[in-house]
Structures are given as structure tokens and as C-alpha cells.
Amino acid sequence: MEPPDDTAPGSVWLTSSPEEETTWLVGSRDFPRSVSYARITPGVRAGTVTVTLAATEAGSEVTVTYDMTPLTPAAASALEEFAADYPSFIRPWEELIGARLA
């Protein structure tokens with residue numbers, strides 16, 4: 001049996017950590033160029049994440065764009081910290097994807 005397509009618009013799943021649970025919803029997909037997700041962490045933040053792939057001479061370039069709204073003052077501070085340290089956050093994604101493709 002083939003696994004379900006978790007990039008199909010309307011697909012929903014949860015991610016969790018000890019601190020919070022986030023609901024994700026695939027909003028749109030333009031395969032293989034982009035996919036957009038809505039994500040809601042109840043009482044904390046809500047917004048969208050868009051992943052775009054573009055061909056380059058070296059292979060490809062991925063752009064990940066977050067458009068998040070804090071739902072509390074504490075969440076606003078946490079989002080400011082996230083934005084300031086985004087390169088450190090995204091670097092492991094790049095490394096994991098590179099290792100998987102190697």
C-alpha cells in the first residue's frame with residue numbers, strides 16, 4: 001500500500017514538543033515549486049510557512065518563509081528571538097536534507 005500524500009492541500013497533522021503542540025494544514029501546493037502551510041499553536045502563535053524551490057546553476061535553492069502572528073505578549077518576544085536566530089534554526093534542516101540526498 002502506498003503511503004498517503006502528506007503534501008496534498010487539506011492534509012492535516014500535529015507536531016509536538018514537551019512545551020507545545022502545533023496543528024499544520026497544507027494550504028496550497030505547486031509541485032515541484034512550492035508548498036504553503038498554515039500552522040497554529042493554540043494560545044501561542046498562528047500563521048503560514050511557505051517553502052519554495054528554485055533551480056540554480058548549482059542545483060537548487062530553497063526559501064522558507066514564515067509569516068507568524070503572536071497570540072500573547074510572551075509569544076511576541078519568542079517570535080522576535082526566533083527571527084533574530086533564524087539562520088541557526090534552519091541550518092540543521094539544510095544539513096539533514098543534504099545528508100539524506102547524499
# chains A, B, ... in the order shown; residues from 1 in each chain; ligands from 1
>>> select_by_dssp(residues="chain A", states="strand (DSSP E or B)", output="ChimeraX atom specification")
/A:12-16,21-30,34-41,45-56,59-70
>>> residues_around(residues="Arg33 (chain A)", least_positions_apart="3", cutoff="9 Å", atoms="only C-alpha atoms", output="PyMOL selection string")
chain A and resi 29-30+51-54
>>> atom_distance(atom1="CA of Thr41 (chain A)", atom2="CA of Pro73 (chain A)")
14.4 Å
>>> residues_around(residues="region 21-23 of chain A", least_positions_apart="6", cutoff="6 Å", atoms="only C-alpha atoms", output="MDAnalysis selection string")
chainID A and resid 13:15 39:41
>>> closest_atom_pairs(of="region 19-69 of chain A", to="region 80-101 of chain A", cutoff="10 Å", atoms="only C-alpha atoms", output="CSV")
residue,atom,partner,partner_atom,distance
A:Val62,CA,A:Glu94,CA,9.2
A:Val64,CA,A:Ile90,CA,8.7
A:Tyr66,CA,A:Ala83,CA,9.1
>>> select_by_dssp(residues="chain A", states="alpha helix (DSSP H)", output="list in words")
Pro73, Ala74, Ala75, Ala76, Ser77, Ala78, Leu79, Glu80, Glu81, Phe82, Ala83, Ala84, Tyr86, Pro87, Ser88, Phe89, Ile90, Arg91, Pro92, Trp93, Glu94, Glu95, Leu96, Ile97, Gly98, Ala99, Arg100 and Leu101 of chain A
>>> atom_distance(atom1="CA of Leu71 (chain A)", atom2="CA of Ala46 (chain A)")
7.3 Å
